[in-house]
Every structure is written in C-alpha cells, then in structure tokens.
Amino acid sequence: MVKDLSVNLCGLQLQNPVIPASGTFGFGLELAGSMDLNVLGAISLKGTTREARYGNPVPRIAEAPHGMLNSVGLQNPGIDVLVNEKVPALRKIYRQGVIANISGFSVEEYRECCAKADACEGIDLLEVNVSCPNVHGGGLAFGTSAKAAAEVTAAVKAVCKKPVFIKLSPNVTDIVEIARACEDAGADGLTLVNTFLGMRIDIVRRQPILANKMGGFSGAAIFPIALRMVYQVAHACKIPIMGCGGVASARDVIEMMMAGATAVQVGAENLRNPFACPEIIAELPAVMEQLHIDALKDIIGTV
Ligand code: SIN
C-alpha cells in the first residue's frame, strides 16, 4: 500500500514532515548541486537578523560524544538579502515549503524583519527564534521569560499574515509556561527545541574550546530531552509543533510525531551527513510498513 507522508502545518500542505533545521542547511541553494531539494517537506532557512552579521570569533564548533556544540552567533547576510536575493534564487529551483527563521536584538527588530519576511512572496511560514544561546542581549534573552516571549509574539503577529511559529529554548525551568505564553499571545505554532547551553574545555591548553566559551549543544544526545519537551507542550497547548532536537532517523521522526509534533526538523545530523534528510524521507515508508502506519498524520500526538 502506498504510504501517505503528508502533513498540514497551519494550512501549509507538506508532502512529508521532514525539514532541515535552521542553521544546518544554509539557504538551501548551497545543497542544491548535491541533492534534489524538492524531496524535502520544507526548509527552515539560516537565521536572519536586520543587519548582516559576521558571527562570533572562531573556533565556534566543538565536538562532543553523540553531539556537537556551536557558537556561530547568527552569521547571516541580513533580512534584505534574504528577501531580495536568497529566497527568489531558491524559488527558481524549489517548490516545497520555505520557512524564514528570524532573530533579533529588540522587539522592534523582530517586528521589522518579520514584516519584510511576511511580505516576501517565496516565504510560506515564519519561525521566530527567541532561543539563540550564542549572542548577548538577543535571542535567548527573549525565550527564557514568558513575558518577553509573549511580547515578541504579539509584536510579530501584529504585522504578519503568514503563520508564525516561535522557536523555543530548552534552557528554561518550565518550557510549558513559555509555550502557553506564546500561544496566548497569538502564535500559530511552536518549534521545539533549540540547542542546550553547553561547554567543552581543552585540557591541554586549559582553555574553553569555543572562543565564545559556551555554545549550543545539539545532536543525538539531546533527543530524549527534546522529545519530552515536545510531549509536555503538546499536552498543554493546542497549536501545532515542529519537533526538533537530535532527530537522526525515520524512527526518530515517528517518535517525535507520536509525542505531538506535526512536522519534524533535522539539525545536527545534516552536518554529520548532508544527505540525512533525503535518506530519512526515503526510509519512512518501510518503517511505516513495519509499524502498520498508513498515514503519518494519524500518529500525531497519539501517545
Ligand atoms: C547561532 O547562529 O549561533 C545558532 C543559532 C541558534 O542557536 O539559534
């Protein structure tokens, strides 16, 4: 029997739920020569701010067992390049979902960038990142307070017609409180979770490995924690969730969906294996057959 992989994300029909996570797939174009991008469910583009940013000093990647740390610091070409160059170029070769990932250092910056992304024809959905652990005074500062997360959500929703997902941080005591605050402020959906604040030390040099000292930990090691947070939020909120955190196989995708995710983002695994997303998509029908699943949408939040 032909398997139905499709899901609906706030009116955006995806041929499958697999989405490369922001920051692990560039603006899509970088990978276009190596794979058929049109097999993907959607792409979450590199996080974008109002001005172009060079990012943090190097080294900004550190290895860890079953994962990695990054302290990229939101390197990006700025919102005007995203909407005027990157998205139009991607749209010449790519027909599936496009998600703009927006970061900011003030509520006004989030509002201005989201308004521009909302007006860009090639973008389907906005993902507002209130959870970058690698910059001071932005990102995470908004995602660790329910009040601040709600303020950003309301400001962005006031200028957007397209669905707005808020990307939450796991670096909080109670993620459900932040999720509820975003939902109450009008968020159409949530992405959970971003990376966990971590650190490595070079014991020979007696120095932190990352120039920024700390960075965001991602990869297979965080999967059970991300899954637990998706499950908790799915039971507390009504809006859809994009599950993210350590996903590396078709079985992980199914587990995330059973926990409550409507779509599933693959992050660090893309950096280990750039073909992770197409491989997971190709693997899904056989795993669905083994588990007696005909349509992926039927398993969302069934646990
Ligand atoms: C970064 O650019 O530092 C990573 C983005 C993020 O973790 O939100």
# chains A, B, ... in the order shown; residues from 1 in each chain; ligands from 1
$ residues_around --residues "Lys162 of chain A" --least-positions-apart "4" --cutoff "8 Å" --atoms "only C-alpha atoms" --output "PyMOL selection string"
chain A and resi 118+124-126
$ write_last_selection --atoms "C-alpha atoms" --output "tab-separated table (two decimals), in the first residue's frame"
chain	number	residue	atom	x	y	z
A	118	ASP	CA	5.85	38.18	5.59
A	124	ASP	CA	5.42	30.36	3.39
A	125	LEU	CA	5.86	30.47	7.13
A	126	LEU	CA	7.87	32.39	9.73
$ closest_atom_pairs --of "chain A" --to "ligand 1" --cutoff "8 Å" --atoms "only C-alpha atoms and all ligand atoms" --output "CSV"
residue,atom,partner,partner_atom_place_in_ligand_line,distance
A:Ser22,CA,ligand 1,5 (C),7.5
A:Gly23,CA,ligand 1,5 (C),6.3
A:Gly47,CA,ligand 1,5 (C),6.5
A:Gly55,CA,ligand 1,2 (O),7.1
A:Asn56,CA,ligand 1,3 (O),7.9
A:Asn70,CA,ligand 1,3 (O),6.6
A:Ser71,CA,ligand 1,3 (O),4.8
A:Val72,CA,ligand 1,3 (O),3.9
A:Gly73,CA,ligand 1,3 (O),3.5
A:Leu74,CA,ligand 1,2 (O),3.2
A:Gln75,CA,ligand 1,2 (O),5.8
A:Ser103,CA,ligand 1,8 (O),7.8
A:Asn129,CA,ligand 1,8 (O),6.2
A:Val130,CA,ligand 1,8 (O),7.6
A:Ser131,CA,ligand 1,8 (O),5.5
A:Cys132,CA,ligand 1,8 (O),3.3
A:Pro133,CA,ligand 1,7 (O),5.7
A:Asn134,CA,ligand 1,3 (O),4.7
A:Val135,CA,ligand 1,3 (O),6.9
A:Gly139,CA,ligand 1,8 (O),7.1
A:Asn194,CA,ligand 1,7 (O),6.1
A:Thr195,CA,ligand 1,7 (O),5.9
A:Gly215,CA,ligand 1,3 (O),7.6
A:Gly216,CA,ligand 1,7 (O),6.1
$ write_last_selection --atoms "N, CA, C and O atoms" --output "mmCIF file, in the first residue's frame"
data_model
loop_
_atom_site.group_PDB
_atom_site.id
_atom_site.type_symbol
_atom_site.label_atom_id
_atom_site.label_comp_id
_atom_site.auth_asym_id
_atom_site.auth_seq_id
_atom_site.Cartn_x
_atom_site.Cartn_y
_atom_site.Cartn_z
ATOM 1 N N SER A 22 16.953 25.205 10.840
ATOM 2 C CA SER A 22 17.685 26.443 10.551
ATOM 3 C C SER A 22 19.139 26.340 11.018
ATOM 4 O O SER A 22 19.428 25.818 12.097
ATOM 5 N N GLY A 23 20.029 26.835 10.165
ATOM 6 C CA GLY A 23 21.443 26.858 10.513
ATOM 7 C C GLY A 23 22.196 25.601 10.127
ATOM 8 O O GLY A 23 23.416 25.547 10.285
ATOM 9 N N GLY A 47 19.140 31.435 10.053
ATOM 10 C CA GLY A 47 18.593 32.506 10.883
ATOM 11 C C GLY A 47 19.051 33.876 10.402
ATOM 12 O O GLY A 47 20.225 34.072 10.090
ATOM 13 N N GLY A 55 29.115 37.056 12.846
ATOM 14 C CA GLY A 55 29.071 35.951 13.808
ATOM 15 C C GLY A 55 30.177 36.062 14.836
ATOM 16 O O GLY A 55 30.892 37.061 14.907
ATOM 17 N N ASN A 56 30.310 35.017 15.640
ATOM 18 C CA ASN A 56 31.272 35.019 16.743
ATOM 19 C C ASN A 56 32.673 34.672 16.251
ATOM 20 O O ASN A 56 32.842 34.081 15.189
ATOM 21 N N ASN A 70 27.849 24.479 18.974
ATOM 22 C CA ASN A 70 28.150 25.581 18.054
ATOM 23 C C ASN A 70 27.986 26.900 18.787
ATOM 24 O O ASN A 70 27.144 27.031 19.670
ATOM 25 N N SER A 71 28.831 27.847 18.386
ATOM 26 C CA SER A 71 28.639 29.223 18.886
ATOM 27 C C SER A 71 28.752 30.167 17.682
ATOM 28 O O SER A 71 29.529 31.119 17.701
ATOM 29 N N VAL A 72 27.969 29.862 16.647
ATOM 30 C CA VAL A 72 28.067 30.601 15.384
ATOM 31 C C VAL A 72 27.784 32.092 15.582
ATOM 32 O O VAL A 72 28.489 32.946 15.045
ATOM 33 N N GLY A 73 26.763 32.397 16.375
ATOM 34 C CA GLY A 73 26.488 33.812 16.652
ATOM 35 C C GLY A 73 25.721 34.517 15.549
ATOM 36 O O GLY A 73 25.926 35.697 15.274
ATOM 37 N N LEU A 74 24.815 33.745 14.918
ATOM 38 C CA LEU A 74 23.877 34.330 13.952
ATOM 39 C C LEU A 74 24.563 35.005 12.765
ATOM 40 O O LEU A 74 24.184 36.104 12.354
ATOM 41 N N GLN A 75 25.584 34.363 12.238
ATOM 42 C CA GLN A 75 26.182 34.869 10.990
ATOM 43 C C GLN A 75 25.119 34.823 9.887
ATOM 44 O O GLN A 75 24.499 33.787 9.654
ATOM 45 N N SER A 103 15.761 36.202 13.759
ATOM 46 C CA SER A 103 16.275 36.516 15.099
ATOM 47 C C SER A 103 16.329 38.032 15.272
ATOM 48 O O SER A 103 16.275 38.780 14.291
ATOM 49 N N ASN A 129 12.955 33.028 16.157
ATOM 50 C CA ASN A 129 13.920 32.398 17.053
ATOM 51 C C ASN A 129 14.121 33.258 18.298
ATOM 52 O O ASN A 129 14.800 34.286 18.243
ATOM 53 N N VAL A 130 13.537 32.833 19.411
ATOM 54 C CA VAL A 130 13.763 33.547 20.681
ATOM 55 C C VAL A 130 14.663 32.688 21.570
ATOM 56 O O VAL A 130 14.546 32.699 22.790
ATOM 57 N N SER A 131 15.585 31.954 20.938
ATOM 58 C CA SER A 131 16.295 30.919 21.699
ATOM 59 C C SER A 131 17.754 30.740 21.321
ATOM 60 O O SER A 131 18.361 29.743 21.729
ATOM 61 N N CYS A 132 18.359 31.676 20.579
ATOM 62 C CA CYS A 132 19.779 31.522 20.244
ATOM 63 C C CYS A 132 20.618 31.737 21.507
ATOM 64 O O CYS A 132 20.570 32.815 22.101
ATOM 65 N N PRO A 133 21.408 30.732 21.909
ATOM 66 C CA PRO A 133 22.180 30.893 23.152
ATOM 67 C C PRO A 133 23.520 31.593 22.938
ATOM 68 O O PRO A 133 24.273 31.752 23.886
ATOM 69 N N ASN A 134 23.819 32.001 21.701
ATOM 70 C CA ASN A 134 25.182 32.421 21.368
ATOM 71 C C ASN A 134 25.396 33.920 21.217
ATOM 72 O O ASN A 134 26.465 34.354 20.787
ATOM 73 N N VAL A 135 24.397 34.719 21.516
ATOM 74 C CA VAL A 135 24.563 36.166 21.402
ATOM 75 C C VAL A 135 24.084 36.828 22.697
ATOM 76 O O VAL A 135 23.219 36.286 23.383
ATOM 77 N N GLY A 139 17.992 36.998 21.165
ATOM 78 C CA GLY A 139 17.669 35.575 21.159
ATOM 79 C C GLY A 139 17.175 35.061 22.484
ATOM 80 O O GLY A 139 16.054 35.350 22.912
ATOM 81 N N ASN A 194 15.427 24.460 20.529
ATOM 82 C CA ASN A 194 16.740 24.904 20.082
ATOM 83 C C ASN A 194 17.806 24.175 20.920
ATOM 84 O O ASN A 194 17.504 23.222 21.627
ATOM 85 N N THR A 195 19.031 24.617 20.863
ATOM 86 C CA THR A 195 20.142 23.896 21.497
ATOM 87 C C THR A 195 20.240 24.164 23.004
ATOM 88 O O THR A 195 19.729 25.156 23.513
ATOM 89 N N GLY A 215 28.436 27.339 24.132
ATOM 90 C CA GLY A 215 27.713 27.251 22.865
ATOM 91 C C GLY A 215 26.501 26.353 23.008
ATOM 92 O O GLY A 215 26.221 25.822 24.090
ATOM 93 N N GLY A 216 25.790 26.177 21.910
ATOM 94 C CA GLY A 216 24.567 25.375 21.914
ATOM 95 C C GLY A 216 24.881 23.935 21.584
ATOM 96 O O GLY A 216 25.473 23.641 20.544
#
$ residues_around --residues "Val287 of chain A" --least-positions-apart "6" --cutoff "12 Å" --atoms "only C-alpha atoms" --output "PyMOL selection string"
chain A and resi 3+5+249-255+280-281+293-296
$ write_last_selection --atoms "all heavy atoms" --output "short mmCIF file (atom, residue, chain, number, x, y, z; two decimals), in the first residue's frame"
data_model
loop_
_atom_site.label_atom_id
_atom_site.label_comp_id
_atom_site.auth_asym_id
_atom_site.auth_seq_id
_atom_site.Cartn_x
_atom_site.Cartn_y
_atom_site.Cartn_z
N LYS A 3 2.14 4.68 1.03
CA LYS A 3 2.08 5.36 2.32
C LYS A 3 1.87 6.86 2.14
O LYS A 3 2.42 7.46 1.22
CB LYS A 3 3.39 5.12 3.10
CG LYS A 3 3.65 3.65 3.38
CD LYS A 3 2.58 3.06 4.28
CE LYS A 3 2.80 1.58 4.54
NZ LYS A 3 1.68 0.95 5.27
N LEU A 5 2.64 10.34 3.49
CA LEU A 5 3.59 11.03 4.37
C LEU A 5 3.18 12.49 4.63
O LEU A 5 3.84 13.20 5.39
CB LEU A 5 5.01 11.02 3.75
CG LEU A 5 5.89 9.79 3.99
CD1 LEU A 5 5.29 8.54 3.36
CD2 LEU A 5 7.29 10.01 3.46
N SER A 249 16.86 9.72 12.31
CA SER A 249 16.37 8.55 11.57
C SER A 249 14.86 8.65 11.37
O SER A 249 14.19 9.47 12.02
CB SER A 249 16.67 7.27 12.37
OG SER A 249 15.86 7.25 13.54
N ALA A 250 14.33 7.78 10.52
CA ALA A 250 12.88 7.74 10.30
C ALA A 250 12.16 7.36 11.60
O ALA A 250 11.07 7.86 11.89
CB ALA A 250 12.56 6.75 9.19
N ARG A 251 12.78 6.48 12.38
CA ARG A 251 12.16 6.08 13.65
C ARG A 251 12.08 7.27 14.61
O ARG A 251 11.10 7.43 15.34
CB ARG A 251 12.93 4.92 14.29
CG ARG A 251 12.66 3.63 13.56
CD ARG A 251 13.32 2.41 14.15
NE ARG A 251 12.85 1.26 13.41
CZ ARG A 251 11.81 0.50 13.76
NH1 ARG A 251 11.18 0.74 14.87
NH2 ARG A 251 11.41 -0.50 12.99
N ASP A 252 13.12 8.13 14.60
CA ASP A 252 13.08 9.34 15.44
C ASP A 252 11.94 10.26 15.00
O ASP A 252 11.25 10.87 15.84
CB ASP A 252 14.40 10.12 15.33
CG ASP A 252 15.58 9.38 15.95
OD1 ASP A 252 15.37 8.40 16.69
OD2 ASP A 252 16.73 9.80 15.68
N VAL A 253 11.75 10.38 13.68
CA VAL A 253 10.66 11.23 13.15
C VAL A 253 9.32 10.72 13.68
O VAL A 253 8.47 11.48 14.17
CB VAL A 253 10.68 11.24 11.60
CG1 VAL A 253 9.41 11.90 11.04
CG2 VAL A 253 11.92 11.97 11.09
N ILE A 254 9.13 9.41 13.59
CA ILE A 254 7.85 8.82 14.04
C ILE A 254 7.67 9.01 15.54
O ILE A 254 6.57 9.34 16.02
CB ILE A 254 7.81 7.34 13.60
CG1 ILE A 254 7.58 7.30 12.08
CG2 ILE A 254 6.74 6.56 14.36
CD1 ILE A 254 7.72 5.95 11.44
N GLU A 255 8.75 8.86 16.29
CA GLU A 255 8.67 9.05 17.76
C GLU A 255 8.27 10.49 18.09
O GLU A 255 7.42 10.73 18.95
CB GLU A 255 10.04 8.69 18.36
CG GLU A 255 9.96 8.23 19.81
CD GLU A 255 11.30 7.73 20.34
OE1 GLU A 255 12.10 7.18 19.57
OE2 GLU A 255 11.51 7.89 21.55
N ILE A 280 16.29 9.97 5.32
CA ILE A 280 15.19 9.72 6.28
C ILE A 280 13.86 9.64 5.55
O ILE A 280 13.02 8.77 5.82
CB ILE A 280 15.17 10.84 7.36
CG1 ILE A 280 16.39 10.69 8.28
CG2 ILE A 280 13.86 10.82 8.14
CD1 ILE A 280 16.60 11.87 9.23
N ILE A 281 13.65 10.55 4.59
CA ILE A 281 12.39 10.57 3.82
C ILE A 281 12.24 9.24 3.05
O ILE A 281 11.16 8.64 3.03
CB ILE A 281 12.34 11.79 2.88
CG1 ILE A 281 12.26 13.07 3.71
CG2 ILE A 281 11.18 11.70 1.89
CD1 ILE A 281 12.65 14.34 2.96
N ILE A 293 1.59 1.71 9.92
CA ILE A 293 1.11 3.09 9.81
C ILE A 293 0.84 3.37 8.33
O ILE A 293 1.74 3.23 7.50
CB ILE A 293 2.18 4.09 10.34
CG1 ILE A 293 2.48 3.83 11.81
CG2 ILE A 293 1.73 5.53 10.11
CD1 ILE A 293 3.75 4.54 12.31
N ASP A 294 -0.38 3.77 8.00
CA ASP A 294 -0.70 4.11 6.60
C ASP A 294 -0.45 5.58 6.31
O ASP A 294 0.00 5.95 5.23
CB ASP A 294 -2.15 3.75 6.28
CG ASP A 294 -2.35 2.24 6.30
OD1 ASP A 294 -1.38 1.51 5.98
OD2 ASP A 294 -3.45 1.79 6.67
N ALA A 295 -0.82 6.42 7.27
CA ALA A 295 -0.70 7.88 7.07
C ALA A 295 -0.01 8.48 8.29
O ALA A 295 -0.45 8.29 9.44
CB ALA A 295 -2.07 8.50 6.88
N LEU A 296 1.05 9.25 8.04
CA LEU A 296 1.79 9.83 9.18
C LEU A 296 0.91 10.76 10.01
O LEU A 296 1.08 10.86 11.23
CB LEU A 296 3.01 10.59 8.66
CG LEU A 296 4.26 9.77 8.35
CD1 LEU A 296 5.41 10.68 7.92
CD2 LEU A 296 4.69 8.91 9.54
#
$ atom_distance --atom1 "atom CA of Pro240 of chain A" --atom2 "atom CA of Cys182 of chain A"
12.2 Å
$ closest_residue --among "A:Pro170, A:Gly143, A:Gly97, A:Gly246" --to "Gln13 of chain A" --atoms "only C-alpha atoms"
A:Gly97
$ atom_distance --atom1 "atom CA of Pro65 of chain A" --atom2 "atom CA of Leu40 of chain A"
28.1 Å
$ select_by_dssp --residues "segment 25-231 of chain A" --states "helix (DSSP H, G or I)" --output "ChimeraX atom specification"
/A:29-31,37-39,79-91,107-119,140-143,146-157,175-184,220-231
$ select_by_dssp --residues "segment 141-254 of chain A" --states "strand (DSSP E or B)" --output "MDAnalysis selection string"
chainID A and resid 164:167 189:192 196:199 201:202 207:208 214:218 241:244
$ closest_residue --among "A:Met35, A:Cys120, A:Leu291, A:Ala185" --to "Ala149 of chain A" --atoms "only C-alpha atoms"
A:Ala185
$ residues_around --residues "Cys160 of chain A" --least-positions-apart "6" --cutoff "9 Å" --atoms "only C-alpha atoms" --output "ChimeraX atom specification"
/A:111,114-115,117-119,126
$ atom_distance --atom1 "atom CA of Ile201 of chain A" --atom2 "atom CA of Arg53 of chain A"
26.5 Å
$ residues_around --residues "Leu31 of chain A" --least-positions-apart "5" --cutoff "10 Å" --atoms "only C-alpha atoms" --output "ChimeraX atom specification"
/A:25-26,36-37,274-275
$ write_last_selection --atoms "N, CA and C atoms" --output "PDB file, in the first residue's frame"
ATOM      1  N   PHE A  25      21.449  24.009   7.001  1.00  0.00           N
ATOM      2  CA  PHE A  25      21.176  23.765   5.584  1.00  0.00           C
ATOM      3  C   PHE A  25      21.320  25.046   4.766  1.00  0.00           C
ATOM      4  N   GLY A  26      21.980  26.047   5.359  1.00  0.00           N
ATOM      5  CA  GLY A  26      22.177  27.318   4.668  1.00  0.00           C
ATOM      6  C   GLY A  26      20.860  27.918   4.206  1.00  0.00           C
ATOM      7  N   ASP A  36      18.339  16.528  -4.748  1.00  0.00           N
ATOM      8  CA  ASP A  36      17.093  17.109  -5.219  1.00  0.00           C
ATOM      9  C   ASP A  36      16.362  17.706  -4.016  1.00  0.00           C
ATOM     10  N   LEU A  37      16.408  19.022  -3.891  1.00  0.00           N
ATOM     11  CA  LEU A  37      15.783  19.674  -2.738  1.00  0.00           C
ATOM     12  C   LEU A  37      14.276  19.428  -2.687  1.00  0.00           C
ATOM     13  N   PRO A 274      25.221  15.260   5.140  1.00  0.00           N
ATOM     14  CA  PRO A 274      24.392  16.240   4.416  1.00  0.00           C
ATOM     15  C   PRO A 274      23.184  15.610   3.718  1.00  0.00           C
ATOM     16  N   PHE A 275      23.200  14.290   3.553  1.00  0.00           N
ATOM     17  CA  PHE A 275      22.080  13.605   2.887  1.00  0.00           C
ATOM     18  C   PHE A 275      21.080  13.028   3.892  1.00  0.00           C
TER      19      PHE A 275
END
$ residues_around --residues "Tyr94 of chain A" --least-positions-apart "4" --cutoff "12 Å" --atoms "only C-alpha atoms" --output "number ranges by chain"
A: 27-29, 31-32, 35-43, 86-90, 98, 122-123
$ closest_residue --among "A:Ser44, A:Gln96, A:Gly198, A:Lys147" --to "Gln15 of chain A" --atoms "only C-alpha atoms"
A:Gln96
$ closest_residue --among "A:Thr153, A:Ser34, A:Asn212, A:Asn84" --to "Ala187 of chain A" --atoms "only C-alpha atoms"
A:Thr153
$ residues_around --residues "Pro59 of chain A" --least-positions-apart "2" --cutoff "6 Å" --atoms "only C-alpha atoms" --output "list in words"
Ile61, Leu210 and Ala211 of chain A
$ closest_residue --among "A:Ala21, A:Ala268, A:Ala234, A:Ala263" --to "Phe217 of chain A" --atoms "only C-alpha atoms"
A:Ala268
$ closest_residue --among "A:Leu140, A:Ile99, A:Met258, A:Ile93" --to "Val164 of chain A" --atoms "only C-alpha atoms"
A:Ile99
$ decode --residues "segment 119-151 of chain A" --atoms "N, CA and C atoms" --output "PDB file, in the first residue's frame"
ATOM      1  N   ALA A 119       6.094  39.789   3.806  1.00  0.00           N
ATOM      2  CA  ALA A 119       5.775  40.391   2.500  1.00  0.00           C
ATOM      3  C   ALA A 119       6.498  39.696   1.348  1.00  0.00           C
ATOM      4  N   CYS A 120       7.414  38.794   1.644  1.00  0.00           N
ATOM      5  CA  CYS A 120       8.203  38.130   0.598  1.00  0.00           C
ATOM      6  C   CYS A 120       7.408  36.951   0.035  1.00  0.00           C
ATOM      7  N   GLU A 121       7.132  37.008  -1.237  1.00  0.00           N
ATOM      8  CA  GLU A 121       6.257  36.025  -1.887  1.00  0.00           C
ATOM      9  C   GLU A 121       6.718  34.572  -1.716  1.00  0.00           C
ATOM     10  N   GLY A 122       8.027  34.354  -1.753  1.00  0.00           N
ATOM     11  CA  GLY A 122       8.536  32.976  -1.721  1.00  0.00           C
ATOM     12  C   GLY A 122       8.559  32.331  -0.358  1.00  0.00           C
ATOM     13  N   ILE A 123       8.229  33.087   0.675  1.00  0.00           N
ATOM     14  CA  ILE A 123       8.255  32.536   2.048  1.00  0.00           C
ATOM     15  C   ILE A 123       6.844  32.111   2.445  1.00  0.00           C
ATOM     16  N   ASP A 124       6.736  30.896   3.020  1.00  0.00           N
ATOM     17  CA  ASP A 124       5.416  30.363   3.386  1.00  0.00           C
ATOM     18  C   ASP A 124       5.085  30.559   4.851  1.00  0.00           C
ATOM     19  N   LEU A 125       6.111  30.536   5.682  1.00  0.00           N
ATOM     20  CA  LEU A 125       5.863  30.469   7.127  1.00  0.00           C
ATOM     21  C   LEU A 125       7.052  31.115   7.844  1.00  0.00           C
ATOM     22  N   LEU A 126       6.798  31.747   8.973  1.00  0.00           N
ATOM     23  CA  LEU A 126       7.870  32.389   9.733  1.00  0.00           C
ATOM     24  C   LEU A 126       8.156  31.602  11.005  1.00  0.00           C
ATOM     25  N   GLU A 127       9.435  31.487  11.298  1.00  0.00           N
ATOM     26  CA  GLU A 127       9.863  30.837  12.551  1.00  0.00           C
ATOM     27  C   GLU A 127      10.672  31.892  13.303  1.00  0.00           C
ATOM     28  N   VAL A 128      10.168  32.310  14.437  1.00  0.00           N
ATOM     29  CA  VAL A 128      10.789  33.400  15.185  1.00  0.00           C
ATOM     30  C   VAL A 128      11.656  32.792  16.288  1.00  0.00           C
ATOM     31  N   ASN A 129      12.955  33.028  16.157  1.00  0.00           N
ATOM     32  CA  ASN A 129      13.920  32.398  17.053  1.00  0.00           C
ATOM     33  C   ASN A 129      14.121  33.258  18.298  1.00  0.00           C
ATOM     34  N   VAL A 130      13.537  32.833  19.411  1.00  0.00           N
ATOM     35  CA  VAL A 130      13.763  33.547  20.681  1.00  0.00           C
ATOM     36  C   VAL A 130      14.663  32.688  21.570  1.00  0.00           C
ATOM     37  N   SER A 131      15.585  31.954  20.938  1.00  0.00           N
ATOM     38  CA  SER A 131      16.295  30.919  21.699  1.00  0.00           C
ATOM     39  C   SER A 131      17.754  30.740  21.321  1.00  0.00           C
ATOM     40  N   CYS A 132      18.359  31.676  20.579  1.00  0.00           N
ATOM     41  CA  CYS A 132      19.779  31.522  20.244  1.00  0.00           C
ATOM     42  C   CYS A 132      20.618  31.737  21.507  1.00  0.00           C
ATOM     43  N   PRO A 133      21.408  30.732  21.909  1.00  0.00           N
ATOM     44  CA  PRO A 133      22.180  30.893  23.152  1.00  0.00           C
ATOM     45  C   PRO A 133      23.520  31.593  22.938  1.00  0.00           C
ATOM     46  N   ASN A 134      23.819  32.001  21.701  1.00  0.00           N
ATOM     47  CA  ASN A 134      25.182  32.421  21.368  1.00  0.00           C
ATOM     48  C   ASN A 134      25.396  33.920  21.217  1.00  0.00           C
ATOM     49  N   VAL A 135      24.397  34.719  21.516  1.00  0.00           N
ATOM     50  CA  VAL A 135      24.563  36.166  21.402  1.00  0.00           C
ATOM     51  C   VAL A 135      24.084  36.828  22.697  1.00  0.00           C
ATOM     52  N   HIS A 136      24.659  37.963  22.990  1.00  0.00           N
ATOM     53  CA  HIS A 136      24.268  38.668  24.209  1.00  0.00           C
ATOM     54  C   HIS A 136      23.149  39.663  23.887  1.00  0.00           C
ATOM     55  N   GLY A 137      22.182  39.738  24.758  1.00  0.00           N
ATOM     56  CA  GLY A 137      21.163  40.764  24.627  1.00  0.00           C
ATOM     57  C   GLY A 137      20.109  40.486  23.569  1.00  0.00           C
ATOM     58  N   GLY A 138      20.151  39.331  22.941  1.00  0.00           N
ATOM     59  CA  GLY A 138      19.125  38.988  21.947  1.00  0.00           C
ATOM     60  C   GLY A 138      18.749  37.542  22.127  1.00  0.00           C
ATOM     61  N   GLY A 139      17.992  36.998  21.165  1.00  0.00           N
ATOM     62  CA  GLY A 139      17.669  35.575  21.159  1.00  0.00           C
ATOM     63  C   GLY A 139      17.175  35.061  22.484  1.00  0.00           C
ATOM     64  N   LEU A 140      18.043  34.340  23.142  1.00  0.00           N
ATOM     65  CA  LEU A 140      17.677  33.640  24.373  1.00  0.00           C
ATOM     66  C   LEU A 140      17.099  34.561  25.440  1.00  0.00           C
ATOM     67  N   ALA A 141      17.525  35.825  25.442  1.00  0.00           N
ATOM     68  CA  ALA A 141      17.005  36.766  26.442  1.00  0.00           C
ATOM     69  C   ALA A 141      15.481  36.869  26.325  1.00  0.00           C
ATOM     70  N   PHE A 142      14.950  36.678  25.108  1.00  0.00           N
ATOM     71  CA  PHE A 142      13.503  36.752  24.903  1.00  0.00           C
ATOM     72  C   PHE A 142      12.823  35.409  25.176  1.00  0.00           C
ATOM     73  N   GLY A 143      13.599  34.328  25.055  1.00  0.00           N
ATOM     74  CA  GLY A 143      12.987  32.999  25.144  1.00  0.00           C
ATOM     75  C   GLY A 143      13.019  32.388  26.527  1.00  0.00           C
ATOM     76  N   THR A 144      13.651  33.064  27.481  1.00  0.00           N
ATOM     77  CA  THR A 144      13.692  32.499  28.830  1.00  0.00           C
ATOM     78  C   THR A 144      12.725  33.213  29.775  1.00  0.00           C
ATOM     79  N   SER A 145      11.956  34.126  29.241  1.00  0.00           N
ATOM     80  CA  SER A 145      10.942  34.822  30.045  1.00  0.00           C
ATOM     81  C   SER A 145       9.613  34.715  29.302  1.00  0.00           C
ATOM     82  N   ALA A 146       8.605  34.220  30.003  1.00  0.00           N
ATOM     83  CA  ALA A 146       7.286  34.076  29.375  1.00  0.00           C
ATOM     84  C   ALA A 146       6.770  35.434  28.912  1.00  0.00           C
ATOM     85  N   LYS A 147       7.033  36.460  29.721  1.00  0.00           N
ATOM     86  CA  LYS A 147       6.536  37.806  29.396  1.00  0.00           C
ATOM     87  C   LYS A 147       7.214  38.326  28.119  1.00  0.00           C
ATOM     88  N   ALA A 148       8.541  38.167  28.048  1.00  0.00           N
ATOM     89  CA  ALA A 148       9.270  38.676  26.882  1.00  0.00           C
ATOM     90  C   ALA A 148       8.925  37.872  25.624  1.00  0.00           C
ATOM     91  N   ALA A 149       8.786  36.560  25.765  1.00  0.00           N
ATOM     92  CA  ALA A 149       8.418  35.722  24.607  1.00  0.00           C
ATOM     93  C   ALA A 149       7.038  36.114  24.095  1.00  0.00           C
ATOM     94  N   ALA A 150       6.128  36.395  25.022  1.00  0.00           N
ATOM     95  CA  ALA A 150       4.770  36.806  24.627  1.00  0.00           C
ATOM     96  C   ALA A 150       4.803  38.172  23.949  1.00  0.00           C
ATOM     97  N   GLU A 151       5.662  39.047  24.429  1.00  0.00           N
ATOM     98  CA  GLU A 151       5.758  40.397  23.849  1.00  0.00           C
ATOM     99  C   GLU A 151       6.252  40.322  22.394  1.00  0.00           C
TER     100      GLU A 151
END
